[in-house]
Structure formats: structure tokens, C-alpha cells
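Remarks on the structure that follows.
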Amino acid sequence: MKHKPIRAIFPGSFDPITNGHLDVIGRGVKLFDELIVAVGQNPLKDVLFTPDERVDMIRQLIADKPRVFVQSYDCLTVEFARRVGADVMLRGLRNLTDVQYEFQLAMTNRTVAGIETVFIMTSEEYGYVNSTMVREIALLGGDVSRLIPTPVYDALRRRLESRPSTP
Ligand code: ADP
């Protein structure tokens with residue numbers, strides 16, 4: 001029996017995309033027919049790259065993955081899922097703090113929009129990586145080259161060099 005293609009979204013702020021996110025994308029796409037990396041805007045987080053810049057970076061990084069796409073959105077995540085006809089939301093889990101938060105989010109999204117969430121566990125080597133930490137370490141001059149893909153690292157360095165330095 002032929003099944004309807006399963007389209008999933010992988011929503012996040014991806015500011016910037018890290019090796020942890022890429023790992024989730026690489027393993028997650030095997031579970032679906034199509035995966036859309038959905039770049040959202042989080043008003044509570046400080047922004048380093050604009051959504052368009054994040055989309056461009058991600059597009060480069062997924063160029064070798066024909067079933068992975070990237071789009072930005074500025075509505076509710078469940079509304080974006082509905083618009084693109086996605087049945088499932090993919091999320092990554094790093095630790096128990098993520099579980100607690102993601103559990104609540106997944107329940108809410110299922111209740112309000114009937115969308116299911118599929119979780120994928122982080123790889124051991126990326127379990128501690130998050131974008132906020134990458135931004136903070138980079139802003140304070142630390143080396144984040146092992147946490148993010150090389151083109152993202154280059155873009156990050158250029159962005160920081162062009163920023164006025166804080167006293
Ligand atoms: P972050 O939490 O790094 O700021 P996002 O808000 O963009 O990133 O997160 C999008 C999704 O990616 C979330 O489900 C988050 O749990 C997941 N994720 C982020 N980093 C990792 C990682 N290192 N391993 C597994 N999942 C991750």
C-alpha cells in the first residue's frame with residue numbers, strides 16, 4: 001500500500017545552527033519523506049543573525065540532502081505546520097531539562113492543533129551544545145569552532161569583527 005508522503009518540520013531559532021542541530025536533521029530525515037527546517041523568530045532571544053541570514057546558512061549546509069528544505073516563518077509554529085501541510089514536528093532532546101519543557105510544548109501543540117511531535121535524542125558529543133551558549137562564548141571571544149559548522153563559524157567571526165566592541 002502506498003502511503004501519503006510524511007512531511008515534518010524541525011522548528012527552532014537556529015541562531016546560529018549548530019552541529020547538534022545538523023545531527024538531528026541528518027538522523028531525523030530518515031524517519032520522514034520530507035523535512036522542513038523551520039526558522040522561527042523568538043522575541044525573547046537576542047538575535048545574532050537575521051532570519052534570512054540563518055536560512056541562507058542552513059540552505060548551504062543541507063545542499064547535499066535532497067529531502068530537506070528550509071523556510072522562515074513568523075507565525076505560531078503549529079500554524080506554520082498547517083500552512084506547509086506538515087503532520088509531524090521533529091524536536092531534539094539533550095537532557096532532562098529539555099524533556100520537561102518539550103513534554104509541555106508537545107502536549108500543548110497536540111491539544112490545540114492536533115499535531116504530533118517526534119523526538120530524537122542528541123548524539124553524546126553534542127548533548128551540551130546550544131545556540132545561546134555558542135553566541136555567548138563567541139561574543140566573549142571564546143573558540144566555538146568545534147560546536148558549529150565551518151561556514152557558520154566563518155560568518156560568526158565576520159559578524160563579530162564588524163560589531164562595535166563593548167567596553
Ligand atoms: P537552541 O536550543 O540551541 O537555542 P533551538 O531553539 O533552535 O536551539 O532548538 C531547536 C530544536 O533543536 C529544539 O528541539 C532543541 O531541543 C534541538 N536541539 C538544539 N541543540 C541540540 C543538540 N545539541 N542536540 C539535540 N537537539 C538539539
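Each chain of the C-alpha cells is named A, B, ... in the order shown, its residues numbered from 1; ligands are numbered from 1 in display order.
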Within 6 Å of ligand 1, which residues of chain A come that close, and what is the closest atom pair and distance in Å for each? Count only C-alpha atoms and all ligand atoms and give it as JSON lines.
{"residue": "A:Pro11", "atom": "CA", "partner": "ligand 1", "partner_atom_place_in_ligand_line": "10 (C)", "distance": 5.8}
{"residue": "A:Gly12", "atom": "CA", "partner": "ligand 1", "partner_atom_place_in_ligand_line": "7 (O)", "distance": 3.5}
{"residue": "A:Ser13", "atom": "CA", "partner": "ligand 1", "partner_atom_place_in_ligand_line": "7 (O)", "distance": 3.8}
{"residue": "A:Phe14", "atom": "CA", "partner": "ligand 1", "partner_atom_place_in_ligand_line": "7 (O)", "distance": 3.9}
{"residue": "A:Gly20", "atom": "CA", "partner": "ligand 1", "partner_atom_place_in_ligand_line": "23 (N)", "distance": 3.4}
{"residue": "A:His21", "atom": "CA", "partner": "ligand 1", "partner_atom_place_in_ligand_line": "21 (C)", "distance": 5.1}
{"residue": "A:Val24", "atom": "CA", "partner": "ligand 1", "partner_atom_place_in_ligand_line": "25 (C)", "distance": 5.9}
{"residue": "A:Arg91", "atom": "CA", "partner": "ligand 1", "partner_atom_place_in_ligand_line": "14 (O)", "distance": 3.6}
{"residue": "A:Gly92", "atom": "CA", "partner": "ligand 1", "partner_atom_place_in_ligand_line": "26 (N)", "distance": 3.4}
{"residue": "A:Leu93", "atom": "CA", "partner": "ligand 1", "partner_atom_place_in_ligand_line": "26 (N)", "distance": 4.9}
{"residue": "A:Arg94", "atom": "CA", "partner": "ligand 1", "partner_atom_place_in_ligand_line": "25 (C)", "distance": 5.0}
{"residue": "A:Thr122", "atom": "CA", "partner": "ligand 1", "partner_atom_place_in_ligand_line": "25 (C)", "distance": 3.9}
{"residue": "A:Tyr126", "atom": "CA", "partner": "ligand 1", "partner_atom_place_in_ligand_line": "23 (N)", "distance": 4.5}
{"residue": "A:Gly127", "atom": "CA", "partner": "ligand 1", "partner_atom_place_in_ligand_line": "23 (N)", "distance": 4.8}
{"residue": "A:Tyr128", "atom": "CA", "partner": "ligand 1", "partner_atom_place_in_ligand_line": "23 (N)", "distance": 5.9}
{"residue": "A:Val129", "atom": "CA", "partner": "ligand 1", "partner_atom_place_in_ligand_line": "23 (N)", "distance": 4.4}
{"residue": "A:Asn130", "atom": "CA", "partner": "ligand 1", "partner_atom_place_in_ligand_line": "3 (O)", "distance": 3.4}
{"residue": "A:Ser131", "atom": "CA", "partner": "ligand 1", "partner_atom_place_in_ligand_line": "3 (O)", "distance": 3.8}
{"residue": "A:Thr132", "atom": "CA", "partner": "ligand 1", "partner_atom_place_in_ligand_line": "4 (O)", "distance": 5.3}
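Of all the residues in chain A, the ones DSSP labels as strand (DSSP E) from the backbone are Arg7, Ala8, Ile9, Phe10, Pro11, Gly12, Glu34, Leu35, Ile36, Val37, Ala38, Val39, Val68, Phe69, Val70, Gln71, Ser72, Val88, Met89, Leu90, Arg91, Gly92, Leu93, Glu116, Thr117, Val118, Phe119, Ile120 and Met121 of chain A.
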Selection above as a file: C-alpha atoms, as a PDB file, in the first residue's frame:
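Below is the file part-v6.pdb, written as the result:
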ATOM      1  CA  ARG A   7       6.250  15.808   5.844  1.00  0.00           C
ATOM      2  CA  ALA A   8       7.778  17.017   9.093  1.00  0.00           C
ATOM      3  CA  ILE A   9       9.012  20.376  10.279  1.00  0.00           C
ATOM      4  CA  PHE A  10      12.025  20.892  12.521  1.00  0.00           C
ATOM      5  CA  PRO A  11      11.315  24.241  14.166  1.00  0.00           C
ATOM      6  CA  GLY A  12      13.792  26.331  16.098  1.00  0.00           C
ATOM      7  CA  GLU A  34      10.406  15.415   3.668  1.00  0.00           C
ATOM      8  CA  LEU A  35      11.826  17.560   6.419  1.00  0.00           C
ATOM      9  CA  ILE A  36      11.460  21.340   6.505  1.00  0.00           C
ATOM     10  CA  VAL A  37      13.841  23.178   8.800  1.00  0.00           C
ATOM     11  CA  ALA A  38      11.624  25.985  10.069  1.00  0.00           C
ATOM     12  CA  VAL A  39      13.467  29.091  11.173  1.00  0.00           C
ATOM     13  CA  VAL A  68      15.497  18.561   3.428  1.00  0.00           C
ATOM     14  CA  PHE A  69      14.256  22.126   2.883  1.00  0.00           C
ATOM     15  CA  VAL A  70      14.461  25.360   4.843  1.00  0.00           C
ATOM     16  CA  GLN A  71      11.973  28.195   5.337  1.00  0.00           C
ATOM     17  CA  SER A  72      11.499  31.003   7.824  1.00  0.00           C
ATOM     18  CA  VAL A  88       4.644  15.985  12.440  1.00  0.00           C
ATOM     19  CA  MET A  89       7.024  18.197  14.359  1.00  0.00           C
ATOM     20  CA  LEU A  90      10.585  16.990  14.961  1.00  0.00           C
ATOM     21  CA  ARG A  91      12.404  18.132  18.092  1.00  0.00           C
ATOM     22  CA  GLY A  92      15.737  17.236  19.640  1.00  0.00           C
ATOM     23  CA  LEU A  93      16.272  16.229  23.252  1.00  0.00           C
ATOM     24  CA  GLU A 116       2.237  15.071  16.823  1.00  0.00           C
ATOM     25  CA  THR A 117       5.816  15.601  17.943  1.00  0.00           C
ATOM     26  CA  VAL A 118       8.617  13.127  17.295  1.00  0.00           C
ATOM     27  CA  PHE A 119      11.713  13.379  19.460  1.00  0.00           C
ATOM     28  CA  ILE A 120      15.207  12.397  18.584  1.00  0.00           C
ATOM     29  CA  MET A 121      17.937  12.019  21.184  1.00  0.00           C
TER      30      MET A 121
END
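Taking only C-alpha atoms into account, Glu124 in chain A lies nearest to A:Asp23 out of the set A:Glu161, A:Asp23, A:Asp15, A:Asp143.
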Considering only C-alpha atoms, return as a count of residues only whatever protein or nucleic-acid residues lie within 10 Å of Glu53 in chain A, sequence-local ones (same chain, fewer than 4 positions apart) excluded. 8
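Taking CA of Pro149 in chain A and CA of Val29 in chain A as endpoints, the distance between them is 18.6 Å.
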Where in range 35-98 of chain A does DSSP assign alpha helix (DSSP H), given as a VMD selection string? chain A and resid 51 to 61 77 to 83 96 to 98
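Shortest separation to Pro151 in chain A among A:Arg82, A:Arg163, A:Arg54, A:Lys65 occurs at residue A:Arg54, atoms counted being only C-alpha atoms.
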With distances taken over only C-alpha atoms, which residue among A:Thr77, A:Arg157, A:Leu61, A:Arg67 lies nearest Gly28 in chain A? A:Arg67
